[in-house]
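S.K.: Right, I'll just put the structure down here and ask away after.
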Amino acid sequence: MSLPRIKKLDDQLVNRIAAGEVVERPASALKELLENSIDASSDKIIVELSEGGIRQIKVIDNGVGIHKDDIPLAIDRHATSKLIHEDDLYKITTLGFRGEGLASIASVSDFSLSSKTNIDQHGTKIISNYGVISNTSPTASNTGTIIEINNLYHNIPARKKFLKSDTTEYGHCRSVFERIALSNPQIGFELKHNGKLIYELPQQVLLERIKALFGEEYLKHYFEIIEMQINNLVISGYVYHPSYIASSKNVQQFYVNGRFVRDKVIQNAVKQGFSGVLHNEHAPQYVLFLQISPEDVDVNVHPTKSEVRFKDTGQIHGFISHAIRKVLSRNLSSTSLEHSSDNSLIETISQNTSERSHNSDYTPTNSFGSVSKSGNSSYVRDFNYKAEDNSKFVKDWLPQTISSNSAMVRQDTAPELFAELTDCSQVINATAPTLGFAIAQLNGVYILAQTRDGLIVVDMHAAHERIVLEKLKSQVANNVIAVQALLIPVTFSIAEELIDSVTLNKADLNTLGFEIDVIHNNNVVVRAIPSLLDHDNIEKLVIGTLTEISKYGNSNIISNHYEEVLSTMACHSAVRANHQLSLEEMNAILREMETTSRANYCNHGRPTWFKLSMNELDNMFMRGK
Ligand SMILES: Nc1ncnc2c1ncn2[C@@H]1O[C@H](COP(=O)(O)OP(=O)(O)OP(=O)(O)O)[C@@H](O)[C@H]1O
Ligand SMILES: [Mg+2]
């Protein structure tokens, strides 16, 4: 059998083949139109959909318009105003460049386009029916472009079958609209569906756009704002505070030079940026904009342009995860709640900001408004605290100088407490530590502390766990782990499979501060442990650590898994529930938290503290109403 003879496809068929890739559904057609309007420098874009976009998609913009003689070309395949030389292909600064969006859409719809530039007296309208131009005529219109797509895929029933219900298609269109509106807050947008106004978004700053799209509740929670530049890479946007991912909105948007992309490298970098601070039941939430020299990223990978290829993948990966890690590792003193009168918090991490002007072509136009830090109280804790009372609080790390610190408050009896609290407020006014001063311990689990404007509740186990972990990490990183030799070595038996771990990882265990030998049968003797850790239950600590180590196949544990191993060690040693702390000890924990990296969440990504402001308390009691 032989194949039929080869012949060239006609243009219509070529367009329809391309349409299969570019215009999968109404939402993809909408994306093409919106991107064209943005490339045309519009500052107001109106979208009208009917029946989920299947019946009609209409986009009206006030951009620069199309020269009247070029209008038929706009729906011709391989016709674009965005690429002139081949070189341009390797430094794309517009969203479109392939010259196939409109041709593909027009080949599978009843299509019309009217446009007027500001030098034309009147506009020009072109009508095309499934790829065949039926009419071009003058029309009255404002400067800008109006495109109508009717009855998408009506001419190709085999294709139309793949479209889902109006509701589903509308949902996709709305997501595309939100995604594009989010990355272009400087443009005013409107969205109507079946005549109903869904969004009316004025030109605004990014945070106001987020509020308009995702609601005030979403914005009320705690954001960490990122703005960092290293050489020609700029990242800006925000990550949602890992402790407060309780919102039903799951927002994960990443843009490269203003283009929304889904990219494995980026997703992995974000995940790594969150490692060690995100609870495993939660996904990271973020809206991030990466600006990169157009020469360093190839956007011509896929017809829908939702994938990109970076010249230096490793550099991009490292940069993104570093920026996120850095912003999530700030300690509390650098995220002072007293930042401004309305408790708003804008934190910027910026390196070489002076170089930013070099990138002015693709520097983000977004400017951040302020984010309210209040409203954390609506966060509902969904973690069950596991009370354990069999371990003693390790005091070794408490600063010895604590009692002589004038900012500390010490009260042991109730009457004194009240007297001292007056003093305390004065001290607070003078020095205002972020987490205030301890006033009591609640049910052996929480530390309650007073600040100038409210109440702080700290989960003492979670907070202490983070403090111990960060100290261990810094000791191990600097190779100066403090070791406590045991006066009386401790002997116990361990499971057979852990015996191997002891022998194979002797050097690593030493680096971690343990001195352990196998003696006979399944018995080990522990001669030294890290001095930061709890000496009261050495057996549990050692078995926990060895179990964690044995998960990683006995190789490169320190270099590849030290965070997990140290995390297990810290968890075994953190102060347990029902351990009574003195005010002095509680204040020491608060002060330590203020200077510890990542102190907002424990090693498992659970929050370590939250604040109830006086306003929130007043509201609860209806004071002033
Ligand atoms: N809303 C608009 N305002 C002004 N010009 C437009 C508009 N829409 C399309 N054009 C013009 O029509 C041309 C063709 O648009 P089309 O979307 O088919 O291709 P493209 O945007 O150049 O590339 P791509 O296929 O990657 O989107 C554009 O290059 C642009 O000059
Ligand atoms: Mg286009």
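If you're wondering about the labels, chains in the structure tokens are A, B, ... by order shown, residues count from 1 in each chain, ligands from 1 in order shown.
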Quick one: residues within 10 Å of A:Val261, only C-alpha atoms counted, chain neighbours fewer than 4 positions away excluded, as number ranges by chain?

M.R.: A: 253-257, 266, 299, 304-308

S.K.: Those same residues, written as a compact mmCIF listing (two decimals), in the first residue's frame with N, CA and C atoms?

M.R.:
# COMPACT_ATOMS: atom_id res chain seq x y z
N GLN A 253 -0.49 32.59 40.65
CA GLN A 253 -0.31 33.23 39.34
C GLN A 253 1.14 33.67 39.21
N PHE A 254 1.74 33.24 38.14
CA PHE A 254 3.12 33.65 37.89
C PHE A 254 3.22 34.22 36.48
N TYR A 255 3.81 35.39 36.37
CA TYR A 255 3.90 36.06 35.08
C TYR A 255 5.36 36.30 34.74
N VAL A 256 5.71 36.04 33.52
CA VAL A 256 7.07 36.34 33.06
C VAL A 256 6.94 37.46 32.03
N ASN A 257 7.55 38.57 32.28
CA ASN A 257 7.42 39.77 31.45
C ASN A 257 5.95 40.05 31.11
N ILE A 266 9.45 27.01 37.35
CA ILE A 266 8.95 28.06 38.25
C ILE A 266 8.19 27.44 39.41
N VAL A 299 9.81 32.75 24.31
CA VAL A 299 8.36 32.57 24.50
C VAL A 299 7.74 31.83 23.32
N THR A 304 0.10 28.68 22.23
CA THR A 304 -0.67 29.48 23.18
C THR A 304 0.25 30.35 24.05
N LYS A 305 1.53 30.19 23.91
CA LYS A 305 2.56 30.98 24.61
C LYS A 305 2.46 30.87 26.14
N SER A 306 1.87 29.79 26.62
CA SER A 306 1.76 29.68 28.07
C SER A 306 2.97 28.95 28.67
N GLU A 307 3.87 28.55 27.79
CA GLU A 307 5.11 27.95 28.29
C GLU A 307 6.27 28.80 27.82
N VAL A 308 7.32 28.82 28.59
CA VAL A 308 8.50 29.58 28.19
C VAL A 308 9.73 28.70 28.41

S.K.: Check every protein, DNA and RNA residue against ligand 2, keep those with an atom at most 12 Å away (counting only C-alpha atoms and all ligand atoms), and present them as an NGL selection string.

M.R.: :A and (22-23 or 28-40 or 74-83 or 94-105 or 303-305)

S.K.: Which neighbours of stretch 451-453 of chain A fall inside 6 Å, counting only C-alpha atoms, when residues of the same chain fewer than 3 positions from it are skipped, and could you give them as an MDAnalysis selection string?

M.R.: chainID A and resid 436 613:614

S.K.: Run DSSP on the backbone and grab whatever in stretch 42-256 of chain A lands in alpha helix (DSSP H); send it over as a ChimeraX atom specification.

M.R.: /A:71-74,101-107,157-160,166-183,206-214,216-220

S.K.: Please indicate the distance in Å from atom CA of A:Arg466 to atom CA of A:Val445, rounded to one decimal place.

M.R.: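 Between atom CA of A:Arg466 and atom CA of A:Val445 the gap works out to 15.6 Å.
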